[in-house]
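File shown: final.cif (mmCIF, C-alpha atoms and all ligand atoms).
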```
data_protein
#
loop_
_atom_site.label_atom_id
_atom_site.label_comp_id
_atom_site.auth_asym_id
_atom_site.auth_seq_id
_atom_site.Cartn_x
_atom_site.Cartn_y
_atom_site.Cartn_z
CA MET P 1 21.26 22.09 -13.85
CA LEU P 2 19.54 18.84 -13.10
CA GLY P 3 21.06 15.62 -14.34
CA LEU P 4 20.44 14.64 -17.92
CA THR P 5 20.80 10.90 -17.74
CA GLY P 6 18.23 8.22 -17.20
CA ALA P 7 14.86 9.06 -15.79
CA ALA P 8 16.12 12.46 -14.72
CA THR P 9 15.98 13.43 -18.37
CA ILE P 10 12.22 13.52 -18.25
CA GLY P 11 12.05 15.75 -15.23
CA GLY P 12 15.18 17.71 -15.85
CA ALA P 13 15.84 18.10 -19.55
CA GLY P 14 17.51 21.44 -19.71
CA VAL P 15 15.36 22.96 -17.04
CA VAL P 16 16.46 24.88 -14.00
CA SER P 17 13.86 24.62 -11.31
CA ALA P 18 13.14 26.68 -8.26
CA HIS P 19 14.60 23.78 -6.30
CA ASP P 20 18.01 24.63 -7.75
CA LYS P 21 17.63 28.33 -7.27
CA GLY P 22 18.73 28.43 -3.69
CA ASN P 23 15.28 28.17 -2.10
CA ASN P 24 16.29 24.89 -0.55
CA ALA P 25 19.11 23.96 1.78
CA ASP P 26 20.06 21.10 -0.51
CA SER P 27 20.55 23.37 -3.48
CA GLU P 28 23.79 22.71 -5.30
CA SER P 29 24.02 25.89 -7.33
CA ASP P 30 22.30 29.22 -7.73
CA SER P 31 24.43 30.52 -10.57
CA ASP P 32 22.32 29.51 -13.55
CA ALA P 33 18.80 29.57 -12.21
CA VAL P 34 16.13 30.43 -14.73
CA THR P 35 12.70 31.03 -13.33
CA ASN P 36 10.10 33.71 -13.80
CA GLU P 37 9.02 36.07 -11.00
CA SER P 38 6.59 33.43 -9.72
CA GLY P 39 9.40 30.92 -9.33
CA ILE P 40 8.03 28.74 -12.13
CA PRO P 41 10.86 26.99 -14.01
CA ARG P 42 11.72 27.94 -17.55
CA TYR P 43 13.52 25.67 -20.01
CA GLU P 44 17.01 26.36 -21.32
CA LEU P 45 18.98 25.23 -24.36
CA PRO P 46 21.77 22.99 -23.04
CA PRO P 47 25.18 23.51 -24.67
CA LEU P 48 26.69 20.74 -26.77
CA SER P 49 29.52 18.87 -25.07
CA TYR P 50 31.47 18.70 -28.35
CA ASP P 51 32.24 21.04 -31.26
CA TYR P 52 29.83 21.50 -34.16
CA ASP P 53 32.18 19.61 -36.49
CA ALA P 54 33.00 16.84 -34.00
CA LEU P 55 30.54 14.34 -35.48
CA GLU P 56 31.83 14.66 -39.05
CA PRO P 57 31.64 12.88 -41.40
CA ALA P 58 28.41 11.34 -40.04
CA ILE P 59 26.79 14.74 -39.44
CA ASN P 60 28.41 17.92 -40.74
CA ALA P 61 29.00 21.14 -38.83
CA GLU P 62 26.47 23.20 -40.78
CA ILE P 63 23.66 20.84 -39.81
CA MET P 64 24.76 20.67 -36.19
CA ARG P 65 24.97 24.46 -35.84
CA LEU P 66 21.53 25.08 -37.34
CA HIS P 67 19.96 22.10 -35.65
CA HIS P 68 21.17 22.95 -32.15
CA ASP P 69 21.23 26.75 -32.24
CA LYS P 70 18.06 27.37 -34.27
CA HIS P 71 15.77 24.35 -34.28
CA HIS P 72 16.32 23.14 -30.71
CA GLN P 73 16.24 26.74 -29.46
CA GLY P 74 12.89 27.11 -31.20
CA TYR P 75 11.43 24.23 -29.20
CA VAL P 76 12.80 25.66 -25.95
CA ASP P 77 11.22 29.02 -26.77
CA GLY P 78 7.97 27.35 -27.77
CA ALA P 79 7.79 25.37 -24.53
CA ASN P 80 8.45 28.51 -22.46
CA SER P 81 5.84 30.41 -24.44
CA ALA P 82 3.31 27.70 -23.62
CA LEU P 83 4.24 27.98 -19.92
CA ASN P 84 3.67 31.74 -20.11
CA SER P 85 0.27 31.19 -21.70
CA LEU P 86 -0.70 28.67 -19.04
CA GLU P 87 0.26 31.08 -16.29
CA GLU P 88 -1.79 33.83 -17.93
CA MET P 89 -4.75 31.49 -18.24
CA ARG P 90 -4.52 30.65 -14.54
CA ASN P 91 -4.24 34.29 -13.56
CA ASN P 92 -7.24 35.26 -15.69
CA ASN P 93 -9.19 32.12 -14.85
CA ASP P 94 -9.85 31.81 -18.58
CA PHE P 95 -9.11 28.41 -20.04
CA SER P 96 -10.85 28.85 -23.38
CA GLU P 97 -7.55 28.40 -25.26
CA ILE P 98 -6.44 25.36 -23.30
CA LYS P 99 -6.57 22.90 -26.20
CA HIS P 100 -4.31 25.05 -28.33
CA VAL P 101 -1.83 25.75 -25.53
CA LYS P 102 -1.61 22.15 -24.36
CA ARG P 103 -0.91 21.08 -27.94
CA ASP P 104 1.92 23.63 -28.14
CA LEU P 105 3.32 22.42 -24.83
CA SER P 106 3.26 18.76 -25.86
CA PHE P 107 4.94 19.41 -29.20
CA ASN P 108 7.63 21.83 -28.02
CA LEU P 109 8.48 20.23 -24.69
CA SER P 110 8.69 16.81 -26.34
CA GLY P 111 11.00 18.36 -28.93
CA HIS P 112 13.17 19.82 -26.15
CA VAL P 113 13.39 16.49 -24.27
CA LEU P 114 14.21 14.47 -27.39
CA HIS P 115 16.85 16.89 -28.74
CA THR P 116 18.52 17.07 -25.31
CA THR P 117 18.73 13.27 -25.29
CA PHE P 118 19.83 13.14 -28.94
CA TRP P 119 22.90 15.36 -28.41
CA GLU P 120 23.99 13.29 -25.42
CA ASN P 121 23.41 10.02 -27.27
CA MET P 122 26.20 11.00 -29.70
CA SER P 123 29.96 11.33 -29.35
CA PRO P 124 32.98 11.82 -31.63
CA ASP P 125 34.24 8.60 -30.03
CA GLY P 126 30.98 6.75 -30.68
CA GLY P 127 30.14 3.68 -32.66
CA GLY P 128 30.62 0.02 -31.89
CA LYS P 129 28.28 -1.96 -29.70
CA PRO P 130 26.71 -1.65 -26.24
CA SER P 131 28.09 -3.55 -23.27
CA GLY P 132 26.98 -4.51 -19.79
CA TYR P 133 23.32 -4.81 -18.83
CA LEU P 134 22.16 -3.01 -21.96
CA ALA P 135 23.90 -5.53 -24.20
CA LYS P 136 22.31 -8.37 -22.22
CA ALA P 137 18.86 -6.78 -22.45
CA ILE P 138 19.18 -6.20 -26.19
CA ASN P 139 20.14 -9.83 -26.72
CA LYS P 140 17.28 -11.03 -24.50
CA TYR P 141 14.51 -8.89 -25.97
CA PHE P 142 15.59 -8.49 -29.61
CA GLY P 143 17.55 -11.72 -30.12
CA SER P 144 20.83 -10.03 -31.06
CA PHE P 145 22.38 -6.61 -31.56
CA GLU P 146 21.96 -7.04 -35.32
CA ASN P 147 18.25 -7.80 -34.89
CA PHE P 148 17.85 -4.74 -32.68
CA LYS P 149 19.57 -2.54 -35.27
CA ALA P 150 17.35 -3.93 -38.02
CA GLU P 151 14.21 -3.08 -36.05
CA PHE P 152 15.50 0.39 -35.08
CA ASN P 153 16.58 1.11 -38.67
CA ALA P 154 13.17 0.08 -39.98
CA ALA P 155 11.42 2.27 -37.41
CA ALA P 156 13.62 5.31 -38.15
CA LYS P 157 13.59 4.98 -41.92
CA ASN P 158 9.84 4.49 -42.08
CA VAL P 159 8.67 7.37 -39.92
CA GLU P 160 5.94 9.00 -41.95
CA GLY P 161 6.95 12.62 -42.52
CA SER P 162 8.94 14.21 -39.68
CA GLY P 163 9.79 12.31 -36.52
CA TRP P 164 12.09 10.04 -34.58
CA GLY P 165 13.20 6.46 -34.14
CA LEU P 166 13.55 5.58 -30.46
CA LEU P 167 14.75 2.94 -28.07
CA VAL P 168 12.77 3.45 -24.87
CA TYR P 169 12.47 1.79 -21.48
CA ASP P 170 8.96 0.63 -20.59
CA HIS P 171 8.71 0.74 -16.81
CA LEU P 172 5.62 -1.47 -16.59
CA ALA P 173 7.18 -4.54 -18.16
CA ASP P 174 10.74 -3.42 -17.35
CA MET P 175 11.92 -3.94 -20.90
CA PRO P 176 13.36 -1.97 -23.80
CA LEU P 177 11.14 -1.24 -26.81
CA VAL P 178 11.76 0.30 -30.22
CA THR P 179 9.16 2.94 -31.02
CA GLN P 180 8.50 5.73 -33.50
CA ALA P 181 7.43 9.32 -32.97
CA GLU P 182 5.78 11.47 -35.59
CA ASP P 183 6.71 15.11 -35.07
CA HIS P 184 8.01 14.86 -31.47
CA ASN P 185 5.00 13.57 -29.61
CA ASP P 186 2.57 11.61 -31.78
CA LEU P 187 2.76 7.82 -31.28
CA ALA P 188 4.57 8.32 -27.95
CA VAL P 189 4.31 5.57 -25.33
CA GLN P 190 3.35 7.36 -22.13
CA GLY P 191 5.76 6.98 -19.24
CA ALA P 192 8.46 5.26 -21.28
CA THR P 193 11.93 6.72 -20.85
CA PRO P 194 13.90 7.55 -24.03
CA LEU P 195 17.26 5.78 -24.06
CA LEU P 196 18.47 6.28 -27.64
CA VAL P 197 16.78 8.61 -30.10
CA LEU P 198 17.40 9.44 -33.73
CA ASP P 199 16.03 12.60 -35.28
CA VAL P 200 14.79 11.90 -38.81
CA TRP P 201 13.25 15.29 -39.49
CA GLU P 202 14.62 16.61 -42.78
CA HIS P 203 16.35 19.43 -40.86
CA ALA P 204 18.53 16.70 -39.28
CA TYR P 205 20.05 15.46 -42.54
CA TYR P 206 18.85 17.17 -45.72
CA LEU P 207 21.72 19.67 -46.10
CA GLN P 208 24.17 16.75 -46.21
CA TYR P 209 22.21 13.72 -47.38
CA LYS P 210 19.43 15.34 -49.46
CA ASN P 211 16.56 12.84 -49.61
CA ASN P 212 18.73 9.83 -48.65
CA ARG P 213 17.45 9.27 -45.12
CA GLY P 214 18.67 5.68 -45.22
CA LYS P 215 22.33 6.67 -45.66
CA TYR P 216 22.04 9.17 -42.81
CA VAL P 217 20.61 6.48 -40.53
CA THR P 218 23.38 4.05 -41.52
CA ASN P 219 26.17 6.57 -40.87
CA TRP P 220 24.62 7.76 -37.61
CA TRP P 221 25.45 4.46 -35.88
CA ASN P 222 29.12 5.50 -36.11
CA VAL P 223 28.56 8.32 -33.60
CA VAL P 224 26.26 6.59 -31.12
CA ASP P 225 27.68 6.92 -27.60
CA TRP P 226 26.89 3.52 -26.09
CA ASP P 227 28.26 4.56 -22.71
CA ASP P 228 25.54 7.21 -22.52
CA VAL P 229 22.82 4.81 -23.66
CA THR P 230 23.98 2.17 -21.17
CA GLN P 231 23.91 4.71 -18.33
CA ARG P 232 20.36 5.69 -19.29
CA TYR P 233 19.30 2.05 -19.38
CA GLU P 234 20.78 1.27 -15.99
CA ALA P 235 19.26 4.41 -14.44
CA ALA P 236 15.86 3.62 -15.95
CA GLN P 237 15.92 0.14 -14.42
CA TYR P 238 15.94 1.67 -10.96
CA ALA P 239 13.82 4.75 -11.63
CA GLU P 240 10.26 5.42 -10.61
CA LEU P 241 7.93 6.93 -13.17
CA SER P 242 7.92 10.16 -11.18
CA GLY P 243 11.50 11.05 -12.07
CA ASP P 244 14.75 11.27 -10.18
CA GLY P 245 13.26 11.33 -6.71
CA ALA P 246 14.29 14.90 -5.92
CA PRO P 247 11.44 16.88 -4.40
CA SER P 248 10.41 19.98 -6.35
CA ILE P 249 8.68 21.64 -3.40
MN MN M 301 15.56 18.12 -34.83
#
```
Please render this file's structure as structure tokens.
Amino acid sequence: MLGLTGAATIGGAGVVSAHDKGNNADSESDSDAVTNESGIPRYELPPLSYDYDALEPAINAEIMRLHHDKHHQGYVDGANSALNSLEEMRNNNDFSEIKHVKRDLSFNLSGHVLHTTFWENMSPDGGGKPSGYLAKAINKYFGSFENFKAEFNAAAKNVEGSGWGLLVYDHLADMPLVTQAEDHNDLAVQGATPLLVLDVWEHAYYLQYKNNRGKYVTNWWNVVDWDDVTQRYEAAQYAELSGDGAPSI
């Protein structure tokens, strides 16, 4: 499976491409390739790197199990269904449903990318503060870590309806930005790389926190894996918008 850190997340979030399948001399593995008969990649649900109860008490096991196994799987299936529809449209040369299918692709693939990042942004050993270049950047662009947290908290807590709070890397100005997403894709900044994302859909907290989104956001900082976020930041600094540089053909 392609790397899941930094810019590679965009191009390789839980996807196994034909490039990995063994069609190329540089292929590292052909054991988990998922493509259709045309060699078009299909997305896969990545496993969690920790147990369902590992993030307790911040996020309980029941939420993690449902969230990963059911909700995230649903976005993976939805993205693959959109790919199937697109292939059918191409084969039939009939693009009358393109608006509907592209909307499905944007929603579900964005959901897949963000959930893949979300799981990796968290660790049972999380919490604390960032270090290295990320810490320097946060101080430079937000004034202090506390100021950054205040802006991120405000963004996450005030998402209208279902969505996300995000720290992203804007490649044009080469700086971190706090943004919001409604659903998974509305309000997105094109081309920006997600570094740290917080799911504030009710499915992410309601079973444990009921309607208290604020308490969920506060407790979530205790499981943030700053090593992962720092790696994403440092990779994004050197990344091109086109991804991890590995050719797909
Ligand atoms: Mn979710």
Exercise. Tell me, as a count of residues only, which residues lie within 12 Å of Gln73 of chain P, counting all atoms listed in the file; anything in the same chain fewer than 3 positions away does not count.
Key: 24
Quiz item: To one decimal place, how far is atom CA of Asp94 of chain P from atom CA of Asn36 of chain P in Å?
Solution: 20.6 Å
Exercise. Find, counting all atoms listed in the file, the residue in P:Gly143, P:Gly74, P:Pro176, P:Gly126 that gets nearest to ligand MN 301 (chain M).
Key: P:Gly74
Quiz item: Taking all atoms listed in the file into account, which of P:Gln180, P:Thr218, P:Thr117, P:Ser85 comes nearest ligand MN 301 (chain M)?
Solution: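 Under the stated criterion, the closest residue is P:Thr117.
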Rows by chain and residue number, chain P within 7 Å of ligand MN 301 (chain M), shortest pair, all atoms listed in the file, as a tab-separated table:
```
residue	atom	partner	partner_atom	distance
P:His67	CA	M:MN301	MN	6.0
P:His71	CA	M:MN301	MN	6.3
P:His72	CA	M:MN301	MN	6.5
P:His115	CA	M:MN301	MN	6.3
P:Asp199	CA	M:MN301	MN	5.6
P:Trp201	CA	M:MN301	MN	5.9
P:His203	CA	M:MN301	MN	6.2
P:Ala204	CA	M:MN301	MN	5.5
```
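For the pair atom CA of His171 of chain P and atom CA of Gln237 of chain P, the interatomic distance is 7.6 Å.
Rounded to one decimal, atom CA of Lys157 of chain P and atom CA of Met64 of chain P lie 20.1 Å from each other.
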Quiz item: Residues at most 12 Å from Lys215 of chain P, counting only C-alpha atoms, excluding those fewer than 2 positions away in the same chain, as number ranges by chain?
Solution: P: 57-59, 153, 156-157, 200, 205-206, 208-213, 217-222
Quiz item: Leaving out Asp183 of chain P and any residue of its chain fewer than 2 positions from it, which residues lie within 9 Å of it when counting all atoms listed in the file, given as an MDAnalysis selection string?
Solution: chainID P and resid 107 111 161:164 181 185:186 201
Self-check item: Ala173 of chain P environment, 12 Å, only C-alpha atoms, sequence neighbours closer than 3 positions dropped, as JSON, numbers by chain
Solution: {"P": [141, 168, 169, 170, 176, 177, 191, 192, 237]}
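In terms of minimum interatomic distance to Gln190 of chain P, P:Ser110 ranks closest within P:Asn84, P:Ser49, P:Asn139, P:Ser110, counting all atoms listed in the file.
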Practice problem: List the neighbours of Ser131 of chain P out to 10 Å using all atoms listed in the file; skip same-chain residues closer than 6 positions along the sequence, and give me the result as a list in words. | Solution: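 In the requested format, the answer is Ala137, Ile138, Trp226, Asp227, Val229 and Thr230 of chain P.
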Can you tell me, as lines of an AutoDock Vina configuration file, the centre and edge lengths (Å, one decimal) of the axis-aligned box enclosing all of segment 186-199 of chain P's listed atoms after padding each side by 3 Å?
```
center_x = 10.5
center_y = 8.9
center_z = -27.3
size_x = 21.9
size_y = 13.3
size_z = 22.0
```
Quiz item: For Gly39 of chain P, which residue among P:Glu120, P:Glu151, P:Asp51, P:Glu87 is the nearest when counting all atoms listed in the file?
Solution: P:Glu87
